[in-house]
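Everything below belongs to data16.cif, which stores mmCIF, C-alpha atoms.
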```
data_work
loop_
_atom_site.label_atom_id
_atom_site.label_comp_id
_atom_site.auth_asym_id
_atom_site.auth_seq_id
_atom_site.Cartn_x
_atom_site.Cartn_y
_atom_site.Cartn_z
CA MET I 1 -26.52 30.17 8.05
CA SER I 2 -30.17 30.99 8.83
CA ASP I 3 -32.86 28.36 8.47
CA ALA I 4 -34.41 30.23 5.57
CA SER I 5 -31.19 30.49 3.58
CA TYR I 6 -30.32 26.89 4.42
CA ILE I 7 -33.69 25.68 3.16
CA ALA I 8 -33.35 27.86 0.04
CA GLU I 9 -29.91 26.43 -0.66
CA ARG I 10 -31.20 22.89 -0.09
CA GLU I 11 -34.05 23.47 -2.53
CA GLU I 12 -31.71 24.89 -5.13
CA ALA I 13 -29.33 21.98 -4.74
CA GLY I 14 -32.21 19.52 -4.92
CA ALA I 15 -33.41 21.11 -8.13
CA ALA I 16 -29.95 20.61 -9.60
CA GLY I 17 -30.19 16.94 -8.78
CA LEU I 18 -27.28 17.18 -6.39
CA ASP I 19 -28.00 17.75 -2.75
CA ALA I 20 -24.80 19.68 -2.21
CA ALA I 21 -26.09 21.72 0.72
CA TYR I 22 -26.70 18.54 2.67
CA ALA I 23 -23.12 17.47 2.04
CA LYS I 24 -21.86 20.66 3.67
CA THR I 25 -23.30 19.59 7.00
CA GLY I 26 -20.65 16.85 7.35
CA GLU I 27 -23.05 13.93 7.16
CA ALA I 28 -20.58 11.49 5.59
CA ARG I 29 -19.95 8.25 7.42
CA PRO I 30 -16.80 6.16 6.85
CA ALA I 31 -18.96 3.81 4.78
CA ASP I 32 -19.68 6.66 2.34
CA TYR I 33 -15.96 7.10 1.63
CA LEU I 34 -15.70 3.36 1.14
CA ALA I 35 -18.62 3.52 -1.30
CA LEU I 36 -16.71 6.15 -3.33
CA LEU I 37 -14.08 3.47 -3.96
CA LYS I 38 -16.61 1.16 -5.69
CA PRO I 39 -15.76 -1.85 -3.51
CA ARG I 40 -17.51 -4.40 -5.75
CA VAL I 41 -15.44 -3.37 -8.78
CA MET I 42 -12.40 -3.25 -6.53
CA SER I 43 -12.85 -6.89 -5.46
CA LEU I 44 -12.67 -8.17 -9.08
CA VAL I 45 -9.68 -5.91 -9.76
CA VAL I 46 -7.84 -7.24 -6.69
CA PHE I 47 -8.65 -10.82 -7.65
CA THR I 48 -7.35 -10.50 -11.22
CA GLY I 49 -4.30 -8.63 -9.90
CA LEU I 50 -3.64 -11.48 -7.46
CA VAL I 51 -3.83 -14.02 -10.29
CA GLY I 52 -1.27 -12.03 -12.31
CA MET I 53 0.96 -11.96 -9.25
CA VAL I 54 0.67 -15.71 -8.55
CA LEU I 55 1.28 -16.69 -12.19
CA ALA I 56 4.37 -14.52 -12.53
CA PRO I 57 7.70 -16.31 -12.34
CA GLY I 58 9.77 -15.46 -9.29
CA SER I 59 8.64 -14.41 -5.87
CA LEU I 60 7.87 -11.32 -3.85
CA HIS I 61 8.17 -10.86 -0.10
CA PRO I 62 4.67 -11.45 1.39
CA THR I 63 4.57 -7.94 2.89
CA LEU I 64 5.43 -6.40 -0.47
CA ALA I 65 2.89 -8.65 -2.23
CA VAL I 66 0.17 -7.45 0.15
CA THR I 67 1.36 -3.87 -0.38
CA ALA I 68 1.16 -4.29 -4.16
CA LEU I 69 -2.41 -5.65 -3.91
CA LEU I 70 -3.33 -2.79 -1.57
CA CYS I 71 -1.94 -0.28 -4.08
CA ILE I 72 -3.89 -1.93 -6.92
CA ALA I 73 -7.08 -1.85 -4.81
CA ILE I 74 -6.62 1.75 -3.68
CA GLY I 75 -5.59 2.97 -7.15
CA ALA I 76 -8.67 1.33 -8.70
CA GLY I 77 -10.87 2.72 -5.95
CA ALA I 78 -9.39 6.19 -6.26
CA SER I 79 -10.15 6.30 -9.98
CA GLY I 80 -13.70 5.25 -9.07
CA ALA I 81 -13.98 8.20 -6.67
CA ILE I 82 -12.77 10.63 -9.36
CA ASN I 83 -15.25 9.04 -11.77
CA MET I 84 -18.05 9.74 -9.25
CA TRP I 85 -16.89 13.35 -8.98
CA TYR I 86 -17.01 13.83 -12.76
CA ASP I 87 -20.19 11.83 -13.38
CA ALA I 88 -22.23 13.14 -10.43
CA ASP I 89 -24.82 14.64 -12.80
CA ILE I 90 -25.26 11.33 -14.64
CA ASP I 91 -25.32 9.31 -11.42
CA ALA I 92 -28.11 11.48 -10.03
CA VAL I 93 -30.52 10.54 -12.83
CA MET I 94 -29.71 6.85 -13.23
CA ALA I 95 -31.60 4.37 -11.03
CA ARG I 96 -28.50 2.16 -10.71
CA THR I 97 -26.30 4.97 -9.35
CA ARG I 98 -28.78 7.29 -7.64
CA GLY I 99 -27.92 5.88 -4.21
CA ARG I 100 -24.22 6.81 -4.44
CA PRO I 101 -22.83 9.20 -1.79
CA ILE I 102 -22.63 12.31 -4.03
CA PRO I 103 -26.17 12.15 -5.51
CA GLN I 104 -27.43 11.38 -2.02
CA GLY I 105 -25.68 14.51 -0.77
CA ARG I 106 -23.61 12.79 1.88
CA VAL I 107 -20.26 13.66 0.24
CA SER I 108 -19.59 16.82 -1.77
CA ARG I 109 -18.13 16.60 -5.27
CA GLU I 110 -14.99 18.49 -4.24
CA GLU I 111 -14.44 16.13 -1.34
CA ALA I 112 -14.70 13.11 -3.67
CA LEU I 113 -12.21 14.69 -6.09
CA GLY I 114 -9.74 15.44 -3.31
CA PHE I 115 -10.17 11.97 -1.83
CA GLY I 116 -9.65 10.28 -5.21
CA THR I 117 -6.66 12.44 -6.16
CA VAL I 118 -4.81 11.93 -2.86
CA LEU I 119 -5.39 8.16 -2.99
CA SER I 120 -4.33 7.98 -6.67
CA VAL I 121 -1.05 9.78 -6.07
CA GLY I 122 -0.48 7.91 -2.80
CA SER I 123 -1.07 4.46 -4.30
CA VAL I 124 1.26 5.11 -7.26
CA LEU I 125 4.02 6.48 -5.00
CA MET I 126 3.69 3.59 -2.58
CA MET I 127 3.78 1.05 -5.42
CA GLY I 128 6.94 2.70 -6.78
CA LEU I 129 8.76 3.05 -3.49
CA ALA I 130 7.79 -0.31 -1.97
CA VAL I 131 7.45 -2.60 -4.99
CA ASN I 132 8.88 -1.30 -8.28
CA TRP I 133 8.47 1.63 -10.68
CA VAL I 134 7.31 -0.46 -13.66
CA ALA I 135 4.25 -1.57 -11.66
CA ALA I 136 3.83 2.03 -10.44
CA ALA I 137 3.91 3.33 -14.03
CA ILE I 138 1.27 0.78 -15.13
CA LEU I 139 -0.88 1.72 -12.11
CA ALA I 140 -0.59 5.42 -13.02
CA LEU I 141 -1.49 4.55 -16.63
CA THR I 142 -4.51 2.53 -15.45
CA ILE I 143 -5.83 5.38 -13.29
CA ALA I 144 -5.17 7.98 -16.00
CA PHE I 145 -6.83 5.80 -18.65
CA TYR I 146 -9.96 5.32 -16.54
CA VAL I 147 -10.23 8.97 -15.52
CA PHE I 148 -9.15 10.85 -18.63
CA VAL I 149 -9.76 8.46 -21.53
CA TYR I 150 -12.89 6.61 -20.35
CA THR I 151 -14.65 8.97 -17.92
CA MET I 152 -13.84 12.37 -19.39
CA TRP I 153 -13.34 11.64 -23.08
CA LEU I 154 -15.23 8.55 -24.24
CA LYS I 155 -18.14 7.88 -21.90
CA ARG I 156 -20.37 10.75 -23.05
CA ARG I 157 -19.19 10.81 -26.66
CA THR I 158 -19.23 7.39 -28.27
CA PRO I 159 -20.92 3.98 -28.00
CA GLN I 160 -17.39 2.56 -28.17
CA ASN I 161 -16.85 3.98 -24.66
CA ILE I 162 -16.74 0.65 -22.88
CA VAL I 163 -14.80 -1.08 -25.68
CA ILE I 164 -11.80 1.25 -25.47
CA GLY I 165 -12.39 2.18 -21.83
CA GLY I 166 -12.42 -1.52 -20.98
CA ALA I 167 -8.64 -1.43 -21.17
CA ALA I 168 -8.59 0.26 -17.76
CA GLY I 169 -10.23 -2.79 -16.20
CA ALA I 170 -7.91 -5.14 -18.07
CA PHE I 171 -4.65 -3.82 -16.60
CA PRO I 172 -4.76 -5.40 -13.09
CA PRO I 173 -3.33 -8.86 -14.01
CA MET I 174 -0.51 -7.04 -15.81
CA LEU I 175 -0.01 -4.93 -12.68
CA GLY I 176 0.19 -8.02 -10.48
CA TRP I 177 2.67 -9.64 -12.87
CA ALA I 178 4.83 -6.50 -13.11
CA ALA I 179 4.86 -6.19 -9.31
CA VAL I 180 6.70 -9.53 -9.14
CA THR I 181 8.88 -9.45 -12.26
CA GLY I 182 9.34 -5.74 -12.95
CA ASP I 183 8.40 -6.34 -16.60
CA VAL I 184 5.57 -7.48 -18.87
CA SER I 185 5.61 -10.63 -21.03
CA LEU I 186 3.18 -12.65 -23.17
CA MET I 187 1.04 -14.17 -20.41
CA PRO I 188 -0.03 -10.86 -18.78
CA VAL I 189 -0.70 -9.46 -22.24
CA LEU I 190 -3.02 -12.44 -22.91
CA LEU I 191 -4.79 -11.90 -19.58
CA PHE I 192 -5.17 -8.23 -20.51
CA ALA I 193 -6.62 -9.20 -23.90
CA ILE I 194 -9.09 -11.66 -22.32
CA ILE I 195 -10.54 -9.03 -19.96
CA PHE I 196 -10.49 -6.46 -22.76
CA MET I 197 -12.57 -8.70 -25.07
CA TRP I 198 -14.83 -9.82 -22.20
CA THR I 199 -15.84 -6.26 -21.28
CA PRO I 200 -18.09 -5.40 -24.28
CA PRO I 201 -20.41 -8.45 -24.07
CA HIS I 202 -20.50 -8.04 -20.28
CA PHE I 203 -21.47 -4.36 -20.31
CA TRP I 204 -23.69 -4.46 -23.38
CA ALA I 205 -25.70 -7.27 -21.79
CA LEU I 206 -26.31 -4.92 -18.85
CA ALA I 207 -27.00 -1.99 -21.19
CA LEU I 208 -29.67 -4.03 -23.02
CA TYR I 209 -31.91 -4.04 -19.98
CA ARG I 210 -30.77 -0.68 -18.58
CA SER I 211 -30.91 1.24 -21.86
CA GLU I 212 -33.70 3.58 -20.64
CA ASP I 213 -31.54 4.52 -17.70
CA TYR I 214 -28.58 5.32 -19.97
CA ALA I 215 -30.81 7.19 -22.44
CA ARG I 216 -32.23 9.37 -19.64
CA ALA I 217 -28.69 10.18 -18.50
CA GLY I 218 -27.57 10.95 -22.06
CA VAL I 219 -24.88 8.26 -22.07
CA PRO I 220 -24.50 6.98 -25.66
CA MET I 221 -24.42 3.27 -24.86
CA LEU I 222 -24.73 1.01 -27.92
CA PRO I 223 -28.43 0.07 -27.41
CA VAL I 224 -29.31 3.78 -27.10
CA VAL I 225 -27.38 4.88 -30.20
CA ALA I 226 -27.41 1.87 -32.54
CA GLY I 227 -30.45 0.00 -31.22
CA GLU I 228 -30.99 -3.33 -29.51
CA ARG I 229 -30.60 -5.48 -32.63
CA GLU I 230 -27.13 -4.11 -33.40
CA THR I 231 -26.14 -4.50 -29.74
CA ARG I 232 -27.22 -8.15 -29.78
CA ARG I 233 -25.16 -8.67 -32.96
CA GLN I 234 -22.10 -7.00 -31.42
CA ILE I 235 -22.40 -9.13 -28.27
CA LEU I 236 -22.31 -12.26 -30.44
CA ILE I 237 -19.32 -11.00 -32.47
CA TYR I 238 -17.28 -10.11 -29.39
CA SER I 239 -18.20 -13.45 -27.77
CA LEU I 240 -16.99 -15.30 -30.87
CA LEU I 241 -13.69 -13.42 -30.62
CA LEU I 242 -13.42 -13.84 -26.85
CA VAL I 243 -13.81 -17.61 -26.52
CA PRO I 244 -10.88 -18.62 -28.81
CA LEU I 245 -8.77 -15.96 -27.09
CA THR I 246 -9.43 -17.54 -23.67
CA LEU I 247 -7.95 -20.79 -25.05
CA ALA I 248 -4.76 -19.06 -26.17
CA PRO I 249 -2.88 -19.50 -22.84
CA TRP I 250 -3.45 -23.27 -23.11
CA ALA I 251 -2.67 -23.39 -26.86
CA LEU I 252 0.58 -21.50 -26.27
CA ASN I 253 1.50 -23.83 -23.42
CA LEU I 254 1.20 -21.08 -20.84
CA ALA I 255 -1.62 -22.90 -19.02
CA GLY I 256 -2.32 -26.57 -18.39
CA PRO I 257 -4.96 -29.06 -19.60
CA LEU I 258 -7.35 -28.39 -16.68
CA TYR I 259 -7.58 -24.77 -17.81
CA GLY I 260 -7.89 -25.76 -21.48
CA ILE I 261 -10.72 -28.28 -21.01
CA ALA I 262 -12.69 -26.28 -18.44
CA THR I 263 -12.32 -23.04 -20.40
CA ALA I 264 -13.62 -24.72 -23.54
CA GLY I 265 -16.73 -25.84 -21.63
CA LEU I 266 -17.25 -22.46 -19.95
CA GLY I 267 -16.72 -20.72 -23.31
CA ALA I 268 -19.34 -22.97 -24.95
CA ILE I 269 -21.89 -21.82 -22.34
CA PHE I 270 -20.85 -18.19 -23.00
CA LEU I 271 -21.46 -18.68 -26.73
CA VAL I 272 -24.84 -20.32 -26.13
CA LEU I 273 -25.91 -17.33 -24.03
CA ALA I 274 -24.63 -14.89 -26.68
CA TRP I 275 -26.51 -16.89 -29.34
CA ARG I 276 -29.71 -16.73 -27.25
CA ILE I 277 -29.32 -12.96 -26.93
CA TRP I 278 -28.91 -12.66 -30.70
CA ARG I 279 -31.88 -14.90 -31.47
CA SER I 280 -34.29 -13.32 -29.00
CA ASP I 281 -35.80 -9.90 -28.39
CA ASP I 282 -36.39 -10.73 -24.73
CA VAL I 283 -34.29 -9.18 -21.93
CA ARG I 284 -33.93 -12.43 -19.99
CA PRO I 285 -30.98 -13.83 -22.03
CA ALA I 286 -29.19 -10.51 -21.50
CA LYS I 287 -29.71 -10.76 -17.74
CA HIS I 288 -28.42 -14.34 -17.81
CA MET I 289 -25.38 -13.25 -19.83
CA PHE I 290 -24.57 -10.39 -17.45
CA ALA I 291 -24.69 -12.67 -14.40
CA TYR I 292 -22.83 -15.51 -16.14
CA SER I 293 -20.12 -13.23 -17.57
CA ILE I 294 -18.99 -12.29 -14.04
CA LEU I 295 -18.89 -15.93 -12.97
CA TYR I 296 -17.12 -16.84 -16.25
CA LEU I 297 -14.25 -14.41 -15.74
CA PHE I 298 -13.97 -15.38 -12.09
CA LEU I 299 -13.79 -19.10 -12.98
CA LEU I 300 -11.27 -18.57 -15.78
CA PHE I 301 -8.87 -16.80 -13.45
CA SER I 302 -9.60 -19.27 -10.62
CA LEU I 303 -8.59 -22.13 -12.94
CA LEU I 304 -5.24 -20.50 -13.60
CA LEU I 305 -4.83 -19.99 -9.86
CA ALA I 306 -5.81 -23.61 -9.13
CA GLU I 307 -3.41 -24.99 -11.71
CA ARG I 308 -0.56 -23.01 -10.23
CA GLY I 309 -1.55 -24.17 -6.74
CA LEU I 310 -1.68 -27.81 -7.84
CA GLY I 311 1.51 -27.47 -9.85
CA TRP I 312 -0.36 -28.44 -13.05
CA GLY I 313 0.28 -25.21 -14.88
CA ALA I 314 2.53 -25.17 -17.90
CA MET N 1 -16.35 16.29 33.32
CA MET N 2 -19.98 16.04 32.27
CA ALA N 3 -20.75 14.06 29.18
CA VAL N 4 -22.25 16.27 26.49
CA PRO N 5 -25.15 14.63 24.67
CA GLN N 6 -24.10 14.02 21.08
CA ASN N 7 -26.30 14.60 18.09
CA ASP N 8 -26.12 12.57 14.91
CA GLU N 9 -23.57 14.89 13.29
CA HIS N 10 -21.20 14.50 16.24
CA LYS N 11 -21.53 10.74 16.06
CA ARG N 12 -20.72 10.72 12.36
CA ARG N 13 -17.75 13.01 12.87
CA ARG N 14 -16.52 10.77 15.67
CA ALA N 15 -16.89 7.71 13.41
CA ARG N 16 -14.88 9.50 10.67
CA ASN N 17 -12.15 10.45 13.14
CA ILE N 18 -11.88 6.90 14.45
CA ALA N 19 -11.72 5.53 10.89
CA LEU N 20 -8.98 8.03 9.98
CA ALA N 21 -7.01 7.13 13.12
CA LEU N 22 -7.25 3.44 12.26
CA VAL N 23 -6.11 4.09 8.66
CA LEU N 24 -3.15 6.17 9.85
CA GLY N 25 -2.24 3.52 12.43
CA ALA N 26 -2.43 0.80 9.77
CA LEU N 27 -0.19 2.86 7.47
CA VAL N 28 2.44 3.26 10.22
CA ILE N 29 2.47 -0.52 10.73
CA LEU N 30 2.57 -1.14 6.96
CA PHE N 31 5.49 1.28 6.42
CA TYR N 32 7.35 -0.39 9.28
CA LEU N 33 6.79 -3.86 7.77
CA ILE N 34 7.78 -2.62 4.28
CA THR N 35 11.02 -1.22 5.73
CA ILE N 36 11.80 -4.55 7.42
CA ALA N 37 11.03 -6.44 4.18
CA LYS N 38 13.25 -4.12 2.11
CA MET N 39 16.09 -4.35 4.63
CA ALA N 40 15.81 -8.15 4.50
CA GLY N 41 16.29 -7.98 0.71
CA GLY N 42 12.68 -8.89 -0.08
CA GLY N 43 12.47 -6.15 -2.64
CA GLN N 44 15.29 -7.59 -4.71
#
```
Take the structure in the file and give it back as structure tokens.
Amino acid sequence: MSDASYIAEREEAGAAGLDAAYAKTGEARPADYLALLKPRVMSLVVFTGLVGMVLAPGSLHPTLAVTALLCIAIGAGASGAINMWYDADIDAVMARTRGRPIPQGRVSREEALGFGTVLSVGSVLMMGLAVNWVAAAILALTIAFYVFVYTMWLKRRTPQNIVIGGAAGAFPPMLGWAAVTGDVSLMPVLLFAIIFMWTPPHFWALALYRSEDYARAGVPMLPVVAGERETRRQILIYSLLLVPLTLAPWALNLAGPLYGIATAGLGAIFLVLAWRIWRSDDVRPAKHMFAYSILYLFLLFSLLLAERGLGWGA
Amino acid sequence: MMAVPQNDEHKRRRARNIALALVLGALVILFYLITIAKMAGGGQ
């Protein structure tokens, strides 16, 4: 390609918001492929999957347990890569996602799609062949839900995108449980429900102070479509539903008193933050809620892990 | 053989090739360990 045509192609790609010509030069580093897998999201997914695995009755050979966690991590990451392929136009205009490999032109969209697809299929097959096919089916469902239901169907169409789409992020404890037992019972369903109810206040808190970003990208997040006041109200409603739900494992004798007492305290803080969001028009309570919500979920699952480790669990 | 000076693109390609080799090597080891675990009845 001549310099002139290369520059022309670069300019055209730049105008489209996607520096695709740059990607053709093979500039990707291994770290760019890792970034396609959304490693920060992956870490929470692996952690909740591990908790599901530890809480499940029975045991799994350590090699197979590591394999199952690897499959969960790679499956989650692969769906993230496909999400980046589909949402490259949105990512290019949002400040939060502008630095991702595709908008930066270091990886082409097609490459991201191929990478995500191969890893998705590979992780499901490996889960099925090495662990069991129930866990593999749930992993396939999780990936399909995130890609087709959340990314392709809901995200650009409805402010309920992260409510329904949140199910994709709620599957990992169920996956971990199914990897050990080969089935699904009440406890993994409760863990699923907790993450499912936690997702709206978590994401809407972020959306409250990133609403301009979402509006520019044309993503119908609740603050953009229904306004900040309604979003603050919905955060409080979901928080009021979430906190009693987090106590359900203890109330149903599926978790011990350490979990019950600590979760009540952590839930009270969550409700105070939700109340402060509702009462105020400031963005600071929303920022506090977003940061605390991550810690909250991490601590809840750590408590379950600790109780099992100490032998205090029900 | 004379060493050819490498530009940035070569370095990145080399880094990608090394990463891919490491991933493939890790998969071979993992498949071996999975086979041993399954043969030992760990998958039951």
Within 10 Å of file point (-26.2, 12.1, 13.1), counting all atoms listed in the file, expressed as a compact mmCIF listing (two decimals) with C-alpha atoms, in the frame of the given file:
```
# COMPACT_ATOMS: atom_id res chain seq x y z
CA GLY I 26 -20.65 16.85 7.35
CA GLU I 27 -23.05 13.93 7.16
CA ALA I 28 -20.58 11.49 5.59
CA ARG I 29 -19.95 8.25 7.42
CA GLN N 6 -24.10 14.02 21.08
CA ASN N 7 -26.30 14.60 18.09
CA ASP N 8 -26.12 12.57 14.91
CA GLU N 9 -23.57 14.89 13.29
CA HIS N 10 -21.20 14.50 16.24
CA LYS N 11 -21.53 10.74 16.06
CA ARG N 12 -20.72 10.72 12.36
CA ARG N 13 -17.75 13.01 12.87
```
Enumerate, in order of chain and increasing residue number, the residues of chain N with an atom no farther than 8 Å from chain I, each with its shortest atom pair and distance in Å to one decimal, counting all atoms listed in the file, as a Markdown table.
```
| residue | atom | partner | partner_atom | distance |
| --- | --- | --- | --- | --- |
| N:Glu9 | CA | I:Glu27 | CA | 6.2 |
| N:Arg12 | CA | I:Arg29 | CA | 5.6 |
| N:Arg13 | CA | I:Gly26 | CA | 7.3 |
| N:Ala15 | CA | I:Pro30 | CA | 6.7 |
| N:Arg16 | CA | I:Pro30 | CA | 5.4 |
| N:Ala19 | CA | I:Pro30 | CA | 6.5 |
| N:Leu30 | CA | I:Thr67 | CA | 7.9 |
| N:Leu33 | CA | I:Thr63 | CA | 6.7 |
| N:Ile34 | CA | I:Thr63 | CA | 6.4 |
| N:Ala37 | CA | I:Thr63 | CA | 6.8 |
| N:Lys38 | CA | I:Ala130 | CA | 7.8 |
| N:Gly42 | CA | I:His61 | CA | 4.9 |
| N:Gly43 | CA | I:Val131 | CA | 6.6 |
```
Write out as a list in words each polymer residue whose atoms come within 7 Å of Leu236 in chain I, counting only C-alpha atoms; drop sequence neighbours fewer than 6 positions from it. Ala274, Trp275 and Trp278 of chain I
Output check: residues returned by the PyMOL selection byres ((chain I and resi 218-231) around 10), as a ChimeraX atom specification: /I:90,93-94,154-162,200-201,203-205,207-217,232-237,277-281
Put those residues in a file: C-alpha atoms, as a short mmCIF file (atom, residue, chain, number, x, y, z; two decimals), in the coordinates of the input.
```cif
data_model
loop_
_atom_site.label_atom_id
_atom_site.label_comp_id
_atom_site.auth_asym_id
_atom_site.auth_seq_id
_atom_site.Cartn_x
_atom_site.Cartn_y
_atom_site.Cartn_z
CA ILE I 90 -25.26 11.33 -14.64
CA VAL I 93 -30.52 10.54 -12.83
CA MET I 94 -29.71 6.85 -13.23
CA LEU I 154 -15.23 8.55 -24.24
CA LYS I 155 -18.14 7.88 -21.90
CA ARG I 156 -20.37 10.75 -23.05
CA ARG I 157 -19.19 10.81 -26.66
CA THR I 158 -19.23 7.39 -28.27
CA PRO I 159 -20.92 3.98 -28.00
CA GLN I 160 -17.39 2.56 -28.17
CA ASN I 161 -16.85 3.98 -24.66
CA ILE I 162 -16.74 0.65 -22.88
CA PRO I 200 -18.09 -5.40 -24.28
CA PRO I 201 -20.41 -8.45 -24.07
CA PHE I 203 -21.47 -4.36 -20.31
CA TRP I 204 -23.69 -4.46 -23.38
CA ALA I 205 -25.70 -7.27 -21.79
CA ALA I 207 -27.00 -1.99 -21.19
CA LEU I 208 -29.67 -4.03 -23.02
CA TYR I 209 -31.91 -4.04 -19.98
CA ARG I 210 -30.77 -0.68 -18.58
CA SER I 211 -30.91 1.24 -21.86
CA GLU I 212 -33.70 3.58 -20.64
CA ASP I 213 -31.54 4.52 -17.70
CA TYR I 214 -28.58 5.32 -19.97
CA ALA I 215 -30.81 7.19 -22.44
CA ARG I 216 -32.23 9.37 -19.64
CA ALA I 217 -28.69 10.18 -18.50
CA ARG I 232 -27.22 -8.15 -29.78
CA ARG I 233 -25.16 -8.67 -32.96
CA GLN I 234 -22.10 -7.00 -31.42
CA ILE I 235 -22.40 -9.13 -28.27
CA LEU I 236 -22.31 -12.26 -30.44
CA ILE I 237 -19.32 -11.00 -32.47
CA ILE I 277 -29.32 -12.96 -26.93
CA TRP I 278 -28.91 -12.66 -30.70
CA ARG I 279 -31.88 -14.90 -31.47
CA SER I 280 -34.29 -13.32 -29.00
CA ASP I 281 -35.80 -9.90 -28.39
#
```
Would you write out, as a list in words, every residue that the PyMOL selection byres ((chain I and resi 269) around 12) captures in this file? Ser239, Leu240, Val243, Ala262, Thr263, Ala264, Gly265, Leu266, Gly267, Ala268, Phe270, Leu271, Val272, Leu273, Ala274, Trp275, Arg276, His288, Met289, Tyr292, Ser293, Leu295 and Tyr296 of chain I
Kindly save the residues from that selection, with C-alpha atoms included, as a PDB file, in the frame of the given file.
```
ATOM      1  CA  SER I 239     -18.200 -13.450 -27.770  1.00  0.00           C
ATOM      2  CA  LEU I 240     -16.990 -15.300 -30.870  1.00  0.00           C
ATOM      3  CA  VAL I 243     -13.810 -17.610 -26.520  1.00  0.00           C
ATOM      4  CA  ALA I 262     -12.690 -26.280 -18.440  1.00  0.00           C
ATOM      5  CA  THR I 263     -12.320 -23.040 -20.400  1.00  0.00           C
ATOM      6  CA  ALA I 264     -13.620 -24.720 -23.540  1.00  0.00           C
ATOM      7  CA  GLY I 265     -16.730 -25.840 -21.630  1.00  0.00           C
ATOM      8  CA  LEU I 266     -17.250 -22.460 -19.950  1.00  0.00           C
ATOM      9  CA  GLY I 267     -16.720 -20.720 -23.310  1.00  0.00           C
ATOM     10  CA  ALA I 268     -19.340 -22.970 -24.950  1.00  0.00           C
ATOM     11  CA  PHE I 270     -20.850 -18.190 -23.000  1.00  0.00           C
ATOM     12  CA  LEU I 271     -21.460 -18.680 -26.730  1.00  0.00           C
ATOM     13  CA  VAL I 272     -24.840 -20.320 -26.130  1.00  0.00           C
ATOM     14  CA  LEU I 273     -25.910 -17.330 -24.030  1.00  0.00           C
ATOM     15  CA  ALA I 274     -24.630 -14.890 -26.680  1.00  0.00           C
ATOM     16  CA  TRP I 275     -26.510 -16.890 -29.340  1.00  0.00           C
ATOM     17  CA  ARG I 276     -29.710 -16.730 -27.250  1.00  0.00           C
ATOM     18  CA  HIS I 288     -28.420 -14.340 -17.810  1.00  0.00           C
ATOM     19  CA  MET I 289     -25.380 -13.250 -19.830  1.00  0.00           C
ATOM     20  CA  TYR I 292     -22.830 -15.510 -16.140  1.00  0.00           C
ATOM     21  CA  SER I 293     -20.120 -13.230 -17.570  1.00  0.00           C
ATOM     22  CA  LEU I 295     -18.890 -15.930 -12.970  1.00  0.00           C
ATOM     23  CA  TYR I 296     -17.120 -16.840 -16.250  1.00  0.00           C
TER      24      TYR I 296
END
```
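As for CA of Trp312 in chain I and CA of Met53 in chain I, they are spaced 17.0 Å apart.
Rounded to one decimal, CA of Ala168 in chain I and CA of Gly49 in chain I lie 12.6 Å from each other.
In this structure, CA of Arg98 in chain I sits 11.1 Å away from CA of Met84 in chain I.
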Can range 8-18 of chain N be brought up to N, CA and C atoms and written out as a JSON list (two decimals), in the coordinates of the input?
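Result file follows (selection-v2.json):
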```
[["chain", "number", "residue", "atom", "x", "y", "z"],
["N", 8, "ASP", "N", -26.52, 13.50, 15.97],
["N", 8, "ASP", "CA", -26.12, 12.57, 14.91],
["N", 8, "ASP", "C", -24.86, 13.03, 14.19],
["N", 9, "GLU", "N", -24.74, 14.37, 14.01],
["N", 9, "GLU", "CA", -23.57, 14.89, 13.29],
["N", 9, "GLU", "C", -22.29, 14.62, 14.08],
["N", 10, "HIS", "N", -22.37, 14.79, 15.41],
["N", 10, "HIS", "CA", -21.20, 14.50, 16.24],
["N", 10, "HIS", "C", -20.80, 13.04, 16.13],
["N", 11, "LYS", "N", -21.81, 12.18, 16.13],
["N", 11, "LYS", "CA", -21.53, 10.74, 16.06],
["N", 11, "LYS", "C", -20.84, 10.39, 14.75],
["N", 12, "ARG", "N", -21.33, 11.00, 13.67],
["N", 12, "ARG", "CA", -20.72, 10.72, 12.36],
["N", 12, "ARG", "C", -19.29, 11.25, 12.29],
["N", 13, "ARG", "N", -19.10, 12.43, 12.88],
["N", 13, "ARG", "CA", -17.75, 13.01, 12.87],
["N", 13, "ARG", "C", -16.81, 12.12, 13.68],
["N", 14, "ARG", "N", -17.32, 11.64, 14.81],
["N", 14, "ARG", "CA", -16.52, 10.77, 15.67],
["N", 14, "ARG", "C", -16.16, 9.47, 14.91],
["N", 15, "ALA", "N", -17.14, 8.93, 14.19],
["N", 15, "ALA", "CA", -16.89, 7.71, 13.41],
["N", 15, "ALA", "C", -15.82, 7.97, 12.35],
["N", 16, "ARG", "N", -15.89, 9.16, 11.71],
["N", 16, "ARG", "CA", -14.88, 9.50, 10.67],
["N", 16, "ARG", "C", -13.50, 9.63, 11.30],
["N", 17, "ASN", "N", -13.44, 10.28, 12.48],
["N", 17, "ASN", "CA", -12.15, 10.45, 13.14],
["N", 17, "ASN", "C", -11.54, 9.11, 13.55],
["N", 18, "ILE", "N", -12.38, 8.22, 14.05],
["N", 18, "ILE", "CA", -11.88, 6.90, 14.45],
["N", 18, "ILE", "C", -11.37, 6.15, 13.22]]
```
